[in-house]
Amino acid sequence: MKRKQMHILYEVDLDRQTAFCVVCGYTEIFIPNTRPGNTPKPICIAKARKLKAWRQERKYILDEEKRSLPTWQPRHTLTEFDPVALRAICAVCGPTDVQKTTTKGKTRYDCATKLREYNRKYQRTHRVGRPSNPHALSEIDEENETAVCATCGPVKIEIEYGLKKITRRCINAGK
């Protein structure tokens, strides 16, 4: 059984960032960032590199496990961003419009195609129809373009796709 080597440091010089390591001999040291109030604990540069490689490998494995889940969806990351025309290339949608969003003083840019789709779904589930509309629709089936109209009963419907919303109405509503 292989025994784990301990990188114990002696003769630590924080100004020159060098020390004597039991395993490596005289070597550079790495001083990790610590929380305020805690004293930094220097470690051997070889051990720091091993830890970094181990963390990267572990992150890669965890990311692969996340991608293999059935609920995983790709991110809409933007490249080739044009801030004047508000256009970019989305990793999922391709060339797309970009929307500027400012939250708590921080500005970010999001894929407008993704936001439009999200807003359509949100409005479809949360929007309440006007009670004054005699042709209010229920039990909407968008694949077959059918629904139940409050006035006409089961009917075919017209579906219009706009940039920001989907309009569904009874074919008898305009008559």
# chains A, B, ... in the order shown; residues from 1 in each chain; ligands from 1
>>> select_by_dssp(residues="stretch 9-99 of chain A", states="strand (DSSP E)", output="NGL selection string")
:A and (9-13 or 18-21 or 25-30 or 43-44 or 78-82 or 87-90 or 94-99)
>>> write_last_selection(atoms="N, CA and C atoms", output="tab-separated table (two decimals), in the first residue's frame")
chain	number	residue	atom	x	y	z
A	9	LEU	N	6.41	22.05	5.58
A	9	LEU	CA	7.32	23.14	5.25
A	9	LEU	C	8.10	23.60	6.48
A	10	TYR	N	9.39	23.89	6.27
A	10	TYR	CA	10.27	24.49	7.27
A	10	TYR	C	10.97	25.68	6.62
A	11	GLU	N	11.55	26.54	7.42
A	11	GLU	CA	12.31	27.71	6.95
A	11	GLU	C	11.50	28.53	5.95
A	12	VAL	N	10.27	28.85	6.30
A	12	VAL	CA	9.37	29.58	5.42
A	12	VAL	C	9.78	31.05	5.35
A	13	ASP	N	10.00	31.55	4.13
A	13	ASP	CA	10.33	32.96	3.90
A	13	ASP	C	9.18	33.57	3.08
A	18	THR	N	9.53	31.33	-0.49
A	18	THR	CA	10.26	30.07	-0.60
A	18	THR	C	10.22	29.37	0.74
A	19	ALA	N	10.49	28.07	0.70
A	19	ALA	CA	10.53	27.27	1.92
A	19	ALA	C	11.22	25.94	1.62
A	20	PHE	N	11.50	25.20	2.71
A	20	PHE	CA	12.04	23.86	2.56
A	20	PHE	C	10.91	22.88	2.77
A	21	CYS	N	10.63	22.07	1.75
A	21	CYS	CA	9.57	21.06	1.82
A	21	CYS	C	10.23	19.71	2.08
A	25	GLY	N	12.20	19.47	-1.19
A	25	GLY	CA	13.42	20.22	-0.91
A	25	GLY	C	13.10	21.71	-0.95
A	26	TYR	N	14.11	22.56	-1.26
A	26	TYR	CA	13.86	23.99	-1.34
A	26	TYR	C	12.97	24.26	-2.56
A	27	THR	N	11.89	24.97	-2.33
A	27	THR	CA	10.91	25.17	-3.39
A	27	THR	C	10.13	26.47	-3.18
A	28	GLU	N	9.38	26.83	-4.18
A	28	GLU	CA	8.47	27.98	-4.05
A	28	GLU	C	7.28	27.56	-3.20
A	29	ILE	N	6.61	28.57	-2.63
A	29	ILE	CA	5.40	28.28	-1.87
A	29	ILE	C	4.24	29.06	-2.46
A	30	PHE	N	3.06	28.56	-2.20
A	30	PHE	CA	1.82	29.21	-2.63
A	30	PHE	C	1.07	29.62	-1.37
A	43	ILE	N	1.58	26.68	1.37
A	43	ILE	CA	1.76	25.27	1.00
A	43	ILE	C	2.78	25.19	-0.13
A	44	CYS	N	3.35	24.03	-0.26
A	44	CYS	CA	4.35	23.76	-1.30
A	44	CYS	C	3.70	23.94	-2.67
A	78	LEU	N	-23.42	33.49	-24.88
A	78	LEU	CA	-23.33	34.40	-26.02
A	78	LEU	C	-21.88	34.61	-26.43
A	79	THR	N	-21.62	34.60	-27.74
A	79	THR	CA	-20.30	34.91	-28.29
A	79	THR	C	-20.48	35.91	-29.42
A	80	GLU	N	-19.38	36.48	-29.87
A	80	GLU	CA	-19.37	37.47	-30.95
A	80	GLU	C	-20.43	38.54	-30.70
A	81	PHE	N	-20.37	39.13	-29.54
A	81	PHE	CA	-21.37	40.09	-29.08
A	81	PHE	C	-21.15	41.47	-29.72
A	82	ASP	N	-22.23	42.08	-30.24
A	82	ASP	CA	-22.18	43.43	-30.81
A	82	ASP	C	-23.05	44.33	-29.94
A	87	ARG	N	-26.79	42.32	-30.97
A	87	ARG	CA	-26.85	41.02	-31.63
A	87	ARG	C	-25.68	40.18	-31.12
A	88	ALA	N	-25.87	38.86	-31.11
A	88	ALA	CA	-24.81	37.94	-30.71
A	88	ALA	C	-25.12	36.56	-31.27
A	89	ILE	N	-24.21	35.64	-31.06
A	89	ILE	CA	-24.44	34.25	-31.46
A	89	ILE	C	-24.62	33.44	-30.19
A	90	CYS	N	-25.78	32.83	-30.06
A	90	CYS	CA	-26.13	32.02	-28.89
A	90	CYS	C	-25.69	30.58	-29.14
A	94	GLY	N	-28.26	30.10	-32.06
A	94	GLY	CA	-27.56	30.65	-33.21
A	94	GLY	C	-27.61	32.17	-33.17
A	95	PRO	N	-27.54	32.85	-34.34
A	95	PRO	CA	-27.61	34.31	-34.36
A	95	PRO	C	-28.93	34.79	-33.75
A	96	THR	N	-28.86	35.72	-32.82
A	96	THR	CA	-30.06	36.15	-32.10
A	96	THR	C	-29.94	37.59	-31.62
A	97	ASP	N	-31.09	38.15	-31.24
A	97	ASP	CA	-31.10	39.46	-30.60
A	97	ASP	C	-30.65	39.28	-29.16
A	98	VAL	N	-30.20	40.38	-28.56
A	98	VAL	CA	-29.73	40.35	-27.18
A	98	VAL	C	-30.52	41.39	-26.39
A	99	GLN	N	-30.87	41.05	-25.16
A	99	GLN	CA	-31.57	41.97	-24.29
A	99	GLN	C	-30.67	42.37	-23.14
>>> residues_around(residues="A:Ile159", least_positions_apart="4", cutoff="9 Å", atoms="only C-alpha atoms", output="list in words")
Glu142, Glu145, Ile166, Thr167, Arg168 and Arg169 of chain A
>>> write_last_selection(atoms="N, CA and C atoms", output="CSV table (one decimal), in the first residue's frame")
chain,number,residue,atom,x,y,z
A,142,GLU,N,-52.8,23.1,-29.0
A,142,GLU,CA,-52.1,23.8,-30.0
A,142,GLU,C,-51.6,23.0,-31.2
A,145,GLU,N,-54.7,22.5,-33.2
A,145,GLU,CA,-55.4,23.8,-33.3
A,145,GLU,C,-56.9,23.8,-33.0
A,166,ILE,N,-48.1,34.9,-28.2
A,166,ILE,CA,-48.9,34.0,-29.1
A,166,ILE,C,-50.3,34.4,-28.9
A,167,THR,N,-51.0,34.7,-30.0
A,167,THR,CA,-52.4,35.0,-30.0
A,167,THR,C,-53.2,33.8,-30.4
A,168,ARG,N,-54.2,33.4,-29.7
A,168,ARG,CA,-55.1,32.3,-30.0
A,168,ARG,C,-56.5,32.8,-30.0
A,169,ARG,N,-57.3,32.6,-31.0
A,169,ARG,CA,-58.6,33.1,-31.0
A,169,ARG,C,-59.5,32.1,-31.8
>>> residues_around(residues="A:Ala136", least_positions_apart="4", cutoff="12 Å", atoms="only C-alpha atoms", output="PyMOL selection string")
chain A and resi 128-132+140+147-155+157+168-173
>>> atom_distance(atom1="atom CA of A:Leu115", atom2="atom CA of A:Ala85")
17.8 Å
>>> atom_distance(atom1="atom CA of A:Lys100", atom2="atom CA of A:Glu117")
16.4 Å
>>> atom_distance(atom1="atom CA of A:Lys121", atom2="atom CA of A:Thr103")
22.6 Å
>>> select_by_dssp(residues="chain A", states="alpha helix (DSSP H)", output="number ranges by chain")
A: 45-67, 112-126
